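A.B. asks: Okay, handing you the structure first.
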Amino acid sequence: MRPLQPPLTFTQNLESYRSLLVRCLKGSFSYKSTTINNLLTTLVAYAITIMIWHQVYQQNPNHVIPSTQMYVYLLLAGAVNYAMSLGMEFRIGQRIRTGLIATDLLKPIDFQMAQAIQSISDGLFNGALSFVVFSLGFFLFGTQMLPSSPSAFLLFLVSFVLGFTVIYGIGFVFVQGAFYTYSGYGIFAARNALQFTFSGFSAPLDYYPPLLRTITDYLPFRHTIYTPVAIYMGWVTGPAAYLLLLQQLGWTVGLFLVGKFLMGRALKQLEVQGG
Amino acid sequence: MKTLKLYWLAFSTALQAKFEYRVDFFLGVLTSCMLQLSALVSLWVIFTQTPNLNGWSKEEIILLFGMVAGALGLSELFFNHIWMVPFYIVMGELDRLLTYPVNSLYFLLITRPELHSFGNLVTGLVLSYWALYHLNAPLLYYFLLPLFLFSGCLLYTAGLVLFASLSFRFIAPTSMHLMIPHNLLNATRYPVTIYPAAVQWILLILVPFGSFHYLPASWLFGKEPGLGLALAVLAASLVFFWESGWFWRWGLKQYESTGS
């Protein structure tokens with residue numbers, strides 16, 4: 001059977017992804033009030049966690065991690081988490097429920113890559129807001145906010161990018177469930193609960209009870225927040241830091257392949273809604 | 001009476017429609033329980049570092065956690081549609097609702113129940129009653145608990161209505177700003193006294209999410225106000241919910257629909 005149109009060349013593919021990224025970014029930045037709302041929401045969420053830990057440190061200042069380091073950790077963990085907030089589950093869930101997924105699948109670009117581009121757009125937009133919030137920390141904690149060394153900062157950047165690819169991989173694997181449930185909420189909430197618990201968002205993993213710490217070691221979630229932030233803080237350096245980067249890379253590749261496999265299975269049983 | 005019947009019919013029809021997505025229902029319930037548990041894990045981690053939080057024990061804070069989850073679950077079950085308002089404004093989809101011979105706010109609120117709310121509701125009730133049992137609470141508190149949860153549900157929904165009404169002025173296809181009241185509600189899972197005075201004022205007076213469980217719990221644990229103040233919260237929540245209607249009407253005056 002003759003295909004609807006010949007497959008795109010590599011250059012055409014790149015151009016398509018570039019156009020998609022620009023369009024998604026324009027969409028994100030087009031509503032200025034949203035930007036302010038997002039900023040406020042982020043500030044409230046970060047402030048609450050920090051205030052709770054402030055109380056803990058007020059009652060007992062003698063902890064493994066000094067209070068100023070703890071506040072910087074929480075602020076950076078919050079900023080990284082926000083930069084990695086992808087709307088993928090809701091976006092795909094909504095399109096499956098309304099049947100619009102059919103038009104996405106008919107497009108001549110790879111669905112998984114197109115979702116990755118949209119996620120990069122989410123990441124750039126959220127990352128810009130996170131940077132603003134994180135920068136505000138300089139007014140409170142001064143030079144404590146700086147990375148432990150220039151090399152730690154460079155490693156942090158690499159780890160952050162890898163952490164982003166890990167969270168995208170996790171999200172894409174989870175979102176395959178939406179092809180069976182026809183909704184994105186449950187999928188989002190499940191991923192979010194695991195992310196919140198095992199990523200080190202609300203506290204450094206060093207404070208986790210042994211059982212929880214062991215579970216965390218076997219899951220990819222710690223590589224989305226704890227790993228980049230611990231590298232930034234200088235808690236992990238040298239070969240240990242490189243090993244963590246390798247683990248992040250391993251999870252990225254593994255999750256990408258699992259996502260591709262699961263999508264192939266999900267599409268075989270998909271019933272397009274609507275009409 | 002006729003209006004109430006109409007509301008009930010609208011609610012039950014919407015509920016039936018939601019039950020069509022059975023797998024999503026079970027997954028939603030399971031995952032909302034997971035979300036509550038993940039918050040409890042944070043509490044567990046905190047209590048590995050301190051024996052109490054400003055004089056509040058782990059069990060006492062679990063009671064606050066449970067009551068917040070219960071109030072959240074009730075709001076999601078009965079009034080969850082408010083989260084869609086920002087999208088409806090962008091798409092001009094409020095037009096049809098405004099032609100109905102009903103109160104637009106109340107009708108909107110009840111016509112999109114979320115089934116994952118059962119997860120929050122059940123987790124909330126289990127945690128609350130577990131905490132009451134372990135704290136040897138008087139029997140009266142067991143009976144008053146549903147009333148306090150209802151009060152919390154009204155307060156939280158009123159807060160959501162207030163923020164959703166801002167969507168008429170600041171148009172955007174996102175309900176992210178509704179996460180502000182949601183985050184404020186979550187902040188009250190911990191005793192409000194651990195926060196600075198200004199935050200306490202916000203959580204107890206301005207957007208009084210902290211009142212429906214903190215005040216009754218304080219009374220129960222003999223920390224501060226008496227039963228009278230705890231019960232006054234019930235009346236205050238009704239007033240706050242009613243007042244949120246003002247913001248809704250203010251917002252509606254600015255609604256312009258769309259040209260397409």
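Labels for the structure tokens follow display order: chains A, B, ..., residues from 1 in each chain, ligands from 1.
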Write out as a list in words which residues come within 6 Å of range 16-29 of chain A when counting only C-alpha atoms, dropping same-chain ones fewer than 3 positions away.

C.D. replies: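 Near neighbours after the sequence-gap exclusion: Asn13, Ile117 and Ser121 of chain A.
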
A.B. asks: Just want the 7 Å neighbourhood of Tyr207 in chain A, counted on only C-alpha atoms, with same-chain residues fewer than 3 positions away dropped. Output as a ChimeraX atom specification.

C.D. replies: /A:203-204 /B:45

A.B. asks: Keeping only all heavy atoms, take the residues you just selected and write them out as an mmCIF file, in the first residue's frame.

C.D. replies:
```cif
data_model
loop_
_atom_site.group_PDB
_atom_site.id
_atom_site.type_symbol
_atom_site.label_atom_id
_atom_site.label_comp_id
_atom_site.auth_asym_id
_atom_site.auth_seq_id
_atom_site.Cartn_x
_atom_site.Cartn_y
_atom_site.Cartn_z
ATOM 1 N N ALA A 203 13.101 16.540 51.495
ATOM 2 C CA ALA A 203 14.231 16.442 52.439
ATOM 3 C C ALA A 203 15.364 15.692 51.754
ATOM 4 O O ALA A 203 15.111 14.845 50.895
ATOM 5 C CB ALA A 203 13.798 15.689 53.693
ATOM 6 N N PRO A 204 16.618 15.984 52.126
ATOM 7 C CA PRO A 204 17.728 15.226 51.549
ATOM 8 C C PRO A 204 17.590 13.742 51.903
ATOM 9 O O PRO A 204 17.114 13.418 52.995
ATOM 10 C CB PRO A 204 18.960 15.827 52.220
ATOM 11 C CG PRO A 204 18.512 17.103 52.833
ATOM 12 C CD PRO A 204 17.058 16.991 53.101
ATOM 13 N N VAL B 45 9.842 11.407 57.909
ATOM 14 C CA VAL B 45 11.234 11.869 57.804
ATOM 15 C C VAL B 45 11.486 13.005 58.799
ATOM 16 O O VAL B 45 12.500 13.018 59.501
ATOM 17 C CB VAL B 45 11.548 12.327 56.359
ATOM 18 C CG1 VAL B 45 12.920 12.985 56.283
ATOM 19 C CG2 VAL B 45 11.482 11.143 55.401
#
```

A.B. asks: Identify every residue of chain B that has at least one atom within 9 Å of any atom of chain A, counting only C-alpha atoms, and report the result as a compact mmCIF listing (two decimals) with all heavy atoms, in the first residue's frame.

C.D. replies:
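Once everything was written out, this is iface.txt:
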```
# COMPACT_ATOMS: atom_id res chain seq x y z
N TYR B 21 -15.52 5.59 33.34
CA TYR B 21 -14.08 5.34 33.25
C TYR B 21 -13.64 4.57 34.50
O TYR B 21 -13.10 5.12 35.43
CB TYR B 21 -13.32 6.67 33.14
CG TYR B 21 -13.71 7.47 31.92
CD1 TYR B 21 -14.69 8.44 31.99
CD2 TYR B 21 -13.11 7.22 30.70
CE1 TYR B 21 -15.06 9.17 30.86
CE2 TYR B 21 -13.47 7.93 29.57
CZ TYR B 21 -14.45 8.90 29.66
OH TYR B 21 -14.81 9.62 28.55
N ARG B 22 -13.97 3.25 34.50
CA ARG B 22 -13.80 2.47 35.74
C ARG B 22 -12.34 2.28 36.12
O ARG B 22 -11.98 2.39 37.29
CB ARG B 22 -14.48 1.11 35.57
CG ARG B 22 -15.97 1.27 35.71
CD ARG B 22 -16.71 0.00 35.81
NE ARG B 22 -18.13 0.33 35.59
CZ ARG B 22 -19.01 -0.45 35.04
NH1 ARG B 22 -18.65 -1.63 34.63
NH2 ARG B 22 -20.25 -0.06 34.88
N VAL B 23 -11.52 1.99 35.13
CA VAL B 23 -10.10 1.76 35.44
C VAL B 23 -9.51 3.04 36.03
O VAL B 23 -8.77 3.01 37.01
CB VAL B 23 -9.32 1.35 34.17
CG1 VAL B 23 -7.86 1.08 34.51
CG2 VAL B 23 -9.94 0.12 33.55
N ASP B 24 -9.89 4.18 35.42
CA ASP B 24 -9.39 5.45 35.91
C ASP B 24 -9.87 5.72 37.33
O ASP B 24 -9.16 6.29 38.15
CB ASP B 24 -9.85 6.58 34.98
CG ASP B 24 -9.08 7.86 35.26
OD1 ASP B 24 -7.84 7.77 35.36
OD2 ASP B 24 -9.70 8.92 35.39
N PHE B 25 -11.10 5.27 37.61
CA PHE B 25 -11.64 5.44 38.96
C PHE B 25 -10.77 4.70 39.99
O PHE B 25 -10.32 5.29 40.97
CB PHE B 25 -13.08 4.93 39.01
CG PHE B 25 -13.60 4.69 40.40
CD1 PHE B 25 -13.69 5.73 41.32
CD2 PHE B 25 -14.01 3.43 40.81
CE1 PHE B 25 -14.16 5.53 42.60
CE2 PHE B 25 -14.48 3.21 42.09
CZ PHE B 25 -14.56 4.25 42.99
N PHE B 26 -10.53 3.41 39.73
CA PHE B 26 -9.74 2.63 40.69
C PHE B 26 -8.32 3.16 40.80
O PHE B 26 -7.77 3.26 41.89
CB PHE B 26 -9.73 1.15 40.29
CG PHE B 26 -11.05 0.49 40.51
CD1 PHE B 26 -11.80 0.02 39.45
CD2 PHE B 26 -11.58 0.37 41.79
CE1 PHE B 26 -13.04 -0.56 39.65
CE2 PHE B 26 -12.83 -0.21 42.00
CZ PHE B 26 -13.56 -0.69 40.93
N LEU B 27 -7.76 3.53 39.65
CA LEU B 27 -6.40 4.07 39.66
C LEU B 27 -6.36 5.40 40.41
O LEU B 27 -5.45 5.68 41.19
CB LEU B 27 -5.91 4.25 38.22
CG LEU B 27 -4.42 4.48 38.07
CD1 LEU B 27 -3.64 3.25 38.50
CD2 LEU B 27 -4.08 4.79 36.62
N GLY B 28 -7.39 6.22 40.16
CA GLY B 28 -7.46 7.54 40.80
C GLY B 28 -7.55 7.41 42.31
O GLY B 28 -6.88 8.13 43.07
N VAL B 29 -8.40 6.48 42.77
CA VAL B 29 -8.56 6.26 44.22
C VAL B 29 -7.23 5.78 44.80
O VAL B 29 -6.76 6.30 45.83
CB VAL B 29 -9.67 5.21 44.48
CG1 VAL B 29 -9.65 4.77 45.94
CG2 VAL B 29 -11.02 5.80 44.13
N LEU B 30 -6.63 4.82 44.11
CA LEU B 30 -5.35 4.27 44.60
C LEU B 30 -4.28 5.35 44.68
O LEU B 30 -3.57 5.48 45.69
CB LEU B 30 -4.90 3.15 43.65
CG LEU B 30 -3.60 2.46 44.00
CD1 LEU B 30 -3.80 1.54 45.21
CD2 LEU B 30 -3.08 1.63 42.82
N THR B 31 -4.21 6.16 43.62
CA THR B 31 -3.13 7.14 43.59
C THR B 31 -3.37 8.32 44.52
O THR B 31 -2.42 8.91 45.02
CB THR B 31 -2.90 7.66 42.16
OG1 THR B 31 -4.13 8.08 41.62
CG2 THR B 31 -2.29 6.58 41.29
N SER B 32 -4.65 8.66 44.75
CA SER B 32 -4.86 9.75 45.71
C SER B 32 -4.49 9.27 47.11
O SER B 32 -3.98 10.05 47.92
CB SER B 32 -6.29 10.30 45.66
OG SER B 32 -7.21 9.26 45.77
N MET B 34 -2.06 7.18 47.54
CA MET B 34 -0.60 7.23 47.47
C MET B 34 -0.08 8.64 47.75
O MET B 34 0.93 8.83 48.43
CB MET B 34 -0.12 6.80 46.08
CG MET B 34 -0.08 5.29 45.88
SD MET B 34 0.25 4.88 44.16
CE MET B 34 1.93 5.44 43.95
N LEU B 35 -0.79 9.64 47.21
CA LEU B 35 -0.36 11.03 47.42
C LEU B 35 -0.42 11.39 48.91
O LEU B 35 0.47 12.07 49.43
CB LEU B 35 -1.24 11.99 46.62
CG LEU B 35 -0.84 12.19 45.16
CD1 LEU B 35 -1.89 13.02 44.43
CD2 LEU B 35 0.52 12.90 45.05
N GLN B 36 -1.48 10.94 49.57
CA GLN B 36 -1.60 11.21 51.01
C GLN B 36 -0.47 10.49 51.76
O GLN B 36 0.11 11.04 52.69
CB GLN B 36 -2.97 10.75 51.53
CG GLN B 36 -4.14 11.54 50.99
CD GLN B 36 -4.06 13.02 51.34
OE1 GLN B 36 -3.46 13.41 52.34
NE2 GLN B 36 -4.65 13.86 50.51
N LEU B 37 -0.21 9.25 51.34
CA LEU B 37 0.83 8.49 52.02
C LEU B 37 2.20 9.12 51.80
O LEU B 37 3.05 9.12 52.71
CB LEU B 37 0.84 7.04 51.51
CG LEU B 37 -0.34 6.19 51.98
CD1 LEU B 37 -0.28 4.79 51.39
CD2 LEU B 37 -0.37 6.09 53.50
N SER B 38 2.41 9.67 50.61
CA SER B 38 3.72 10.29 50.35
C SER B 38 3.91 11.51 51.25
O SER B 38 5.03 11.79 51.70
CB SER B 38 3.86 10.67 48.87
OG SER B 38 3.04 11.75 48.56
N ALA B 39 2.82 12.22 51.54
CA ALA B 39 2.92 13.35 52.47
C ALA B 39 3.24 12.84 53.87
O ALA B 39 3.98 13.47 54.63
CB ALA B 39 1.61 14.14 52.48
N VAL B 41 4.97 10.23 54.49
CA VAL B 41 6.39 9.84 54.49
C VAL B 41 7.24 11.07 54.86
O VAL B 41 8.18 10.97 55.65
CB VAL B 41 6.81 9.27 53.11
CG1 VAL B 41 8.32 9.15 53.01
CG2 VAL B 41 6.18 7.90 52.90
N SER B 42 6.87 12.23 54.30
CA SER B 42 7.59 13.47 54.65
C SER B 42 7.52 13.72 56.15
O SER B 42 8.51 14.11 56.78
CB SER B 42 6.98 14.67 53.93
OG SER B 42 7.13 14.53 52.57
N TRP B 44 7.09 11.48 58.42
CA TRP B 44 7.93 10.44 59.04
C TRP B 44 9.40 10.89 59.05
O TRP B 44 10.07 10.82 60.08
CB TRP B 44 7.74 9.14 58.25
CG TRP B 44 8.52 7.96 58.75
CD1 TRP B 44 9.04 7.77 60.01
CD2 TRP B 44 8.86 6.79 58.00
NE1 TRP B 44 9.67 6.55 60.07
CE2 TRP B 44 9.58 5.93 58.87
CE3 TRP B 44 8.63 6.38 56.68
CZ2 TRP B 44 10.07 4.69 58.44
CZ3 TRP B 44 9.12 5.14 56.28
CH2 TRP B 44 9.82 4.31 57.13
N VAL B 45 9.84 11.41 57.91
CA VAL B 45 11.23 11.87 57.80
C VAL B 45 11.49 13.00 58.80
O VAL B 45 12.50 13.02 59.50
CB VAL B 45 11.55 12.33 56.36
CG1 VAL B 45 12.92 12.98 56.28
CG2 VAL B 45 11.48 11.14 55.40
N ILE B 46 10.53 13.93 58.88
CA ILE B 46 10.69 15.06 59.81
C ILE B 46 10.79 14.56 61.26
O ILE B 46 11.63 15.01 62.03
CB ILE B 46 9.53 16.06 59.63
CG1 ILE B 46 9.72 16.82 58.32
CG2 ILE B 46 9.44 17.04 60.81
CD1 ILE B 46 8.52 17.63 57.89
N PHE B 47 9.94 13.59 61.58
CA PHE B 47 9.94 13.10 62.97
C PHE B 47 11.12 12.17 63.28
O PHE B 47 11.29 11.78 64.43
CB PHE B 47 8.60 12.44 63.30
CG PHE B 47 7.62 13.44 63.86
CD1 PHE B 47 6.78 14.14 63.02
CD2 PHE B 47 7.58 13.72 65.22
CE1 PHE B 47 5.90 15.09 63.51
CE2 PHE B 47 6.71 14.67 65.72
CZ PHE B 47 5.87 15.36 64.87
N THR B 48 11.93 11.84 62.28
CA THR B 48 13.18 11.15 62.60
C THR B 48 14.21 12.17 63.12
O THR B 48 15.23 11.80 63.66
CB THR B 48 13.79 10.44 61.37
OG1 THR B 48 14.03 11.40 60.35
CG2 THR B 48 12.89 9.34 60.84
N GLN B 49 13.92 13.46 62.88
CA GLN B 49 14.86 14.51 63.27
C GLN B 49 14.42 15.29 64.51
O GLN B 49 15.17 16.10 65.04
CB GLN B 49 15.04 15.51 62.11
CG GLN B 49 15.50 14.89 60.80
CD GLN B 49 16.85 14.22 60.93
OE1 GLN B 49 17.78 14.77 61.50
NE2 GLN B 49 16.95 12.99 60.42
N THR B 50 13.17 15.11 64.91
CA THR B 50 12.67 15.87 66.06
C THR B 50 11.56 15.06 66.76
O THR B 50 10.79 14.37 66.07
CB THR B 50 12.14 17.26 65.61
OG1 THR B 50 11.73 18.00 66.74
CG2 THR B 50 10.98 17.16 64.63
N ASN B 52 9.01 16.32 68.44
CA ASN B 52 7.71 17.00 68.28
C ASN B 52 7.91 18.27 67.46
O ASN B 52 9.04 18.71 67.25
CB ASN B 52 7.11 17.36 69.65
CG ASN B 52 7.93 18.40 70.37
OD1 ASN B 52 7.94 19.58 70.00
ND2 ASN B 52 8.67 18.00 71.40
N LEU B 53 6.80 18.81 66.98
CA LEU B 53 6.87 20.08 66.23
C LEU B 53 6.13 21.13 67.03
O LEU B 53 4.89 21.12 67.10
CB LEU B 53 6.21 19.92 64.86
CG LEU B 53 7.10 19.66 63.64
CD1 LEU B 53 6.27 19.63 62.37
CD2 LEU B 53 8.21 20.69 63.50
N ASN B 54 6.89 22.01 67.64
CA ASN B 54 6.31 23.08 68.47
C ASN B 54 5.31 22.53 69.48
O ASN B 54 4.23 23.09 69.68
CB ASN B 54 5.64 24.11 67.55
CG ASN B 54 5.63 25.48 68.17
OD1 ASN B 54 6.40 25.76 69.08
ND2 ASN B 54 4.75 26.34 67.71
N HIS B 116 -11.63 10.29 42.20
CA HIS B 116 -10.46 10.00 43.03
C HIS B 116 -10.60 10.62 44.43
O HIS B 116 -9.83 10.33 45.33
CB HIS B 116 -9.16 10.47 42.36
CG HIS B 116 -9.07 11.94 42.16
ND1 HIS B 116 -9.16 12.53 40.92
CD2 HIS B 116 -8.91 12.94 43.03
CE1 HIS B 116 -9.05 13.85 41.06
NE2 HIS B 116 -8.90 14.11 42.32
N PHE B 170 -7.74 37.75 34.72
CA PHE B 170 -6.43 37.34 34.19
C PHE B 170 -6.62 36.06 33.38
O PHE B 170 -6.45 34.95 33.89
CB PHE B 170 -5.43 37.13 35.33
CG PHE B 170 -5.32 38.31 36.24
CD1 PHE B 170 -5.91 38.30 37.48
CD2 PHE B 170 -4.62 39.44 35.84
CE1 PHE B 170 -5.83 39.40 38.33
CE2 PHE B 170 -4.52 40.54 36.68
CZ PHE B 170 -5.13 40.53 37.92
N ILE B 171 -6.97 36.22 32.11
CA ILE B 171 -7.36 35.07 31.29
C ILE B 171 -6.15 34.25 30.89
O ILE B 171 -5.16 34.77 30.37
CB ILE B 171 -8.14 35.56 30.05
CG1 ILE B 171 -9.43 36.23 30.52
CG2 ILE B 171 -8.44 34.41 29.10
CD1 ILE B 171 -10.19 36.95 29.45
N ALA B 172 -6.23 32.95 31.13
CA ALA B 172 -5.15 32.04 30.73
C ALA B 172 -5.68 30.60 30.77
O ALA B 172 -6.52 30.28 31.62
CB ALA B 172 -3.96 32.17 31.67
N PRO B 173 -5.21 29.76 29.86
CA PRO B 173 -5.73 28.38 29.81
C PRO B 173 -5.05 27.47 30.83
O PRO B 173 -4.52 26.43 30.48
CB PRO B 173 -5.39 27.96 28.38
CG PRO B 173 -4.12 28.70 28.10
CD PRO B 173 -4.18 29.99 28.85
N THR B 174 -5.03 27.87 32.06
CA THR B 174 -4.39 27.05 33.09
C THR B 174 -5.07 27.29 34.44
O THR B 174 -5.57 28.38 34.70
CB THR B 174 -2.89 27.39 33.23
OG1 THR B 174 -2.38 26.76 34.39
CG2 THR B 174 -2.64 28.87 33.33
N SER B 175 -5.11 26.25 35.25
CA SER B 175 -5.69 26.42 36.59
C SER B 175 -4.59 26.40 37.64
O SER B 175 -4.81 26.08 38.79
CB SER B 175 -6.72 25.32 36.87
OG SER B 175 -6.15 24.06 36.62
N MET B 176 -3.38 26.75 37.19
CA MET B 176 -2.22 26.72 38.08
C MET B 176 -2.43 27.61 39.31
O MET B 176 -2.00 27.27 40.41
CB MET B 176 -0.99 27.19 37.29
CG MET B 176 0.31 27.02 38.00
SD MET B 176 0.76 25.29 38.13
CE MET B 176 2.28 25.40 39.07
N HIS B 177 -3.09 28.77 39.11
CA HIS B 177 -3.25 29.68 40.26
C HIS B 177 -4.16 29.08 41.34
O HIS B 177 -4.12 29.51 42.48
CB HIS B 177 -3.77 31.05 39.81
CG HIS B 177 -5.03 30.98 39.02
ND1 HIS B 177 -5.15 30.31 37.83
CD2 HIS B 177 -6.25 31.51 39.26
CE1 HIS B 177 -6.39 30.42 37.37
NE2 HIS B 177 -7.06 31.14 38.21
N LEU B 178 -4.96 28.09 40.96
CA LEU B 178 -5.77 27.42 41.98
C LEU B 178 -4.91 26.54 42.88
O LEU B 178 -5.38 26.05 43.91
CB LEU B 178 -6.88 26.58 41.33
CG LEU B 178 -7.92 27.35 40.52
CD1 LEU B 178 -9.07 26.44 40.12
CD2 LEU B 178 -8.47 28.52 41.30
N MET B 179 -3.68 26.33 42.47
CA MET B 179 -2.77 25.58 43.32
C MET B 179 -2.35 26.40 44.54
O MET B 179 -1.85 25.84 45.51
CB MET B 179 -1.51 25.16 42.54
CG MET B 179 -1.74 24.06 41.52
SD MET B 179 -2.46 22.56 42.23
CE MET B 179 -1.07 21.95 43.18
N ILE B 180 -2.55 27.73 44.48
CA ILE B 180 -2.20 28.56 45.66
C ILE B 180 -3.08 28.17 46.85
O ILE B 180 -2.56 27.81 47.91
CB ILE B 180 -2.27 30.06 45.34
CG1 ILE B 180 -1.20 30.42 44.30
CG2 ILE B 180 -2.07 30.89 46.62
CD1 ILE B 180 -1.19 31.86 43.87
N PRO B 181 -4.44 28.21 46.69
CA PRO B 181 -5.24 27.74 47.84
C PRO B 181 -4.97 26.28 48.18
O PRO B 181 -4.99 25.90 49.35
CB PRO B 181 -6.69 27.94 47.38
CG PRO B 181 -6.65 28.23 45.94
CD PRO B 181 -5.30 28.77 45.63
N ASN B 183 -2.11 24.69 47.93
CA ASN B 183 -0.87 24.64 48.72
C ASN B 183 -1.08 25.20 50.12
O ASN B 183 -0.49 24.72 51.08
CB ASN B 183 0.25 25.43 48.01
CG ASN B 183 0.78 24.68 46.81
OD1 ASN B 183 0.63 23.47 46.71
ND2 ASN B 183 1.39 25.40 45.87
N LEU B 184 -1.92 26.25 50.21
CA LEU B 184 -2.20 26.82 51.53
C LEU B 184 -2.93 25.80 52.41
O LEU B 184 -2.66 25.68 53.60
CB LEU B 184 -3.03 28.10 51.41
CG LEU B 184 -2.30 29.32 50.84
CD1 LEU B 184 -3.26 30.49 50.67
CD2 LEU B 184 -1.14 29.74 51.75
N ASN B 186 -2.66 22.57 52.13
CA ASN B 186 -1.66 21.57 52.51
C ASN B 186 -0.74 22.08 53.62
O ASN B 186 -0.27 21.31 54.44
CB ASN B 186 -0.81 21.18 51.30
CG ASN B 186 -1.56 20.19 50.41
OD1 ASN B 186 -2.52 19.57 50.85
ND2 ASN B 186 -1.14 20.07 49.17
N ALA B 187 -0.51 23.40 53.62
CA ALA B 187 0.33 23.99 54.68
C ALA B 187 -0.30 23.76 56.05
O ALA B 187 0.40 23.64 57.06
CB ALA B 187 0.52 25.48 54.44
N TYR B 190 0.20 20.96 58.99
CA TYR B 190 1.07 21.13 60.15
C TYR B 190 0.46 22.22 61.03
O TYR B 190 -0.25 23.09 60.53
CB TYR B 190 2.48 21.56 59.68
CG TYR B 190 3.19 20.47 58.91
CD1 TYR B 190 3.03 20.35 57.53
CD2 TYR B 190 3.97 19.53 59.57
CE1 TYR B 190 3.66 19.33 56.82
CE2 TYR B 190 4.60 18.51 58.86
CZ TYR B 190 4.44 18.42 57.49
OH TYR B 190 5.05 17.41 56.80
N ILE B 194 3.72 26.86 63.85
CA ILE B 194 5.13 26.72 63.44
C ILE B 194 5.49 27.78 62.40
O ILE B 194 6.66 27.96 62.08
CB ILE B 194 5.46 25.30 62.88
CG1 ILE B 194 4.76 25.06 61.54
CG2 ILE B 194 5.12 24.22 63.88
CD1 ILE B 194 5.31 23.85 60.79
N TYR B 195 4.49 28.47 61.87
CA TYR B 195 4.75 29.48 60.83
C TYR B 195 4.89 30.86 61.46
O TYR B 195 4.39 31.10 62.57
CB TYR B 195 3.61 29.50 59.81
CG TYR B 195 3.40 28.17 59.10
CD1 TYR B 195 2.21 27.46 59.22
CD2 TYR B 195 4.41 27.62 58.31
CE1 TYR B 195 2.03 26.24 58.58
CE2 TYR B 195 4.24 26.41 57.67
CZ TYR B 195 3.05 25.73 57.80
OH TYR B 195 2.88 24.51 57.17
N PRO B 196 5.53 31.80 60.74
CA PRO B 196 5.63 33.18 61.25
C PRO B 196 4.23 33.80 61.43
O PRO B 196 3.26 33.32 60.82
CB PRO B 196 6.40 33.92 60.14
CG PRO B 196 7.08 32.86 59.36
CD PRO B 196 6.25 31.63 59.48
```

A.B. asks: Please list as a short mmCIF file (atom, residue, chain, number, x, y, z; two decimals) with all heavy atoms, in the first residue's frame every residue within 10 Å of Thr237 in chain A, counting only C-alpha atoms and excluding residues in the same chain fewer than 6 positions away.

C.D. replies:
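Result file selection.cif:
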```
data_model
loop_
_atom_site.label_atom_id
_atom_site.label_comp_id
_atom_site.auth_asym_id
_atom_site.auth_seq_id
_atom_site.Cartn_x
_atom_site.Cartn_y
_atom_site.Cartn_z
N SER A 148 29.39 24.56 45.33
CA SER A 148 30.58 24.32 46.16
C SER A 148 31.87 24.60 45.40
O SER A 148 32.88 24.95 46.00
CB SER A 148 30.57 22.89 46.69
OG SER A 148 30.58 21.99 45.61
N SER A 151 33.65 23.29 39.22
CA SER A 151 33.45 21.97 38.60
C SER A 151 32.12 21.35 39.08
O SER A 151 31.42 20.66 38.33
CB SER A 151 34.62 21.05 38.90
OG SER A 151 34.70 20.85 40.29
N ALA A 152 31.78 21.60 40.34
CA ALA A 152 30.50 21.09 40.85
C ALA A 152 29.34 21.70 40.06
O ALA A 152 28.35 21.03 39.77
CB ALA A 152 30.36 21.43 42.33
N LEU A 155 29.20 19.99 36.64
CA LEU A 155 28.62 18.65 36.80
C LEU A 155 27.13 18.73 37.11
O LEU A 155 26.34 17.90 36.66
CB LEU A 155 29.34 17.88 37.91
CG LEU A 155 30.72 17.34 37.57
CD1 LEU A 155 31.34 16.67 38.79
CD2 LEU A 155 30.64 16.33 36.43
N ALA A 230 22.66 17.31 45.11
CA ALA A 230 23.78 16.88 45.96
C ALA A 230 25.11 17.21 45.29
O ALA A 230 26.07 17.58 45.98
CB ALA A 230 23.67 15.37 46.22
N ILE A 231 25.16 17.11 43.97
CA ILE A 231 26.39 17.48 43.24
C ILE A 231 26.64 18.98 43.38
O ILE A 231 27.75 19.42 43.63
CB ILE A 231 26.29 17.04 41.76
CG1 ILE A 231 26.36 15.52 41.66
CG2 ILE A 231 27.39 17.69 40.92
CD1 ILE A 231 26.11 14.96 40.28
N LEU A 243 29.96 8.50 38.62
CA LEU A 243 29.18 7.26 38.66
C LEU A 243 27.67 7.58 38.67
O LEU A 243 26.88 6.92 37.98
CB LEU A 243 29.55 6.46 39.91
CG LEU A 243 28.87 5.09 40.04
CD1 LEU A 243 29.33 4.15 38.92
CD2 LEU A 243 29.19 4.45 41.40
N LEU A 244 27.31 8.62 39.41
CA LEU A 244 25.89 9.01 39.44
C LEU A 244 25.42 9.48 38.06
O LEU A 244 24.30 9.17 37.64
CB LEU A 244 25.67 10.13 40.47
CG LEU A 244 25.69 9.70 41.94
CD1 LEU A 244 25.51 10.91 42.85
CD2 LEU A 244 24.57 8.69 42.22
#
```

A.B. asks: Give me, as a ChimeraX atom specification, all polymer residues having an atom no more than 12 Å from Pro216 in chain B, counting only C-alpha atoms and skipping those fewer than 6 positions away in the same chain.

C.D. replies: /B:60,63-64,67,137,140-142,144-145,147-149,151-152,191,210,222-234

A.B. asks: Looking at only C-alpha atoms, which of B:Leu6, B:Leu40, B:Leu252, B:Val161 is the one that sits closest to Arg189 in chain B?

C.D. replies: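 So, comparing all the options, the nearest one is B:Leu40.
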
A.B. asks: For Ser85 in chain A, list every protein, DNA or RNA residue within 9 Å, evaluated using only C-alpha atoms, and leave out those in the same chain fewer than 6 positions away; present the list as a list in words.

C.D. replies: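 Contacts, with the query itself left out: Ser119, Asp122, Gly123, Asn126 and Ile167 of chain A.
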
A.B. asks: Those residues with C-alpha atoms, as a PDB file, in the first residue's frame please?

C.D. replies:
```pdb
ATOM      1  CA  SER A 119       8.484  18.572  27.449  1.00  0.00           C
ATOM      2  CA  ASP A 122       7.737  22.975  29.444  1.00  0.00           C
ATOM      3  CA  GLY A 123      11.172  22.588  31.007  1.00  0.00           C
ATOM      4  CA  ASN A 126       9.356  26.330  34.091  1.00  0.00           C
ATOM      5  CA  ILE A 167      11.845  12.425  34.462  1.00  0.00           C
TER       6      ILE A 167
END
```
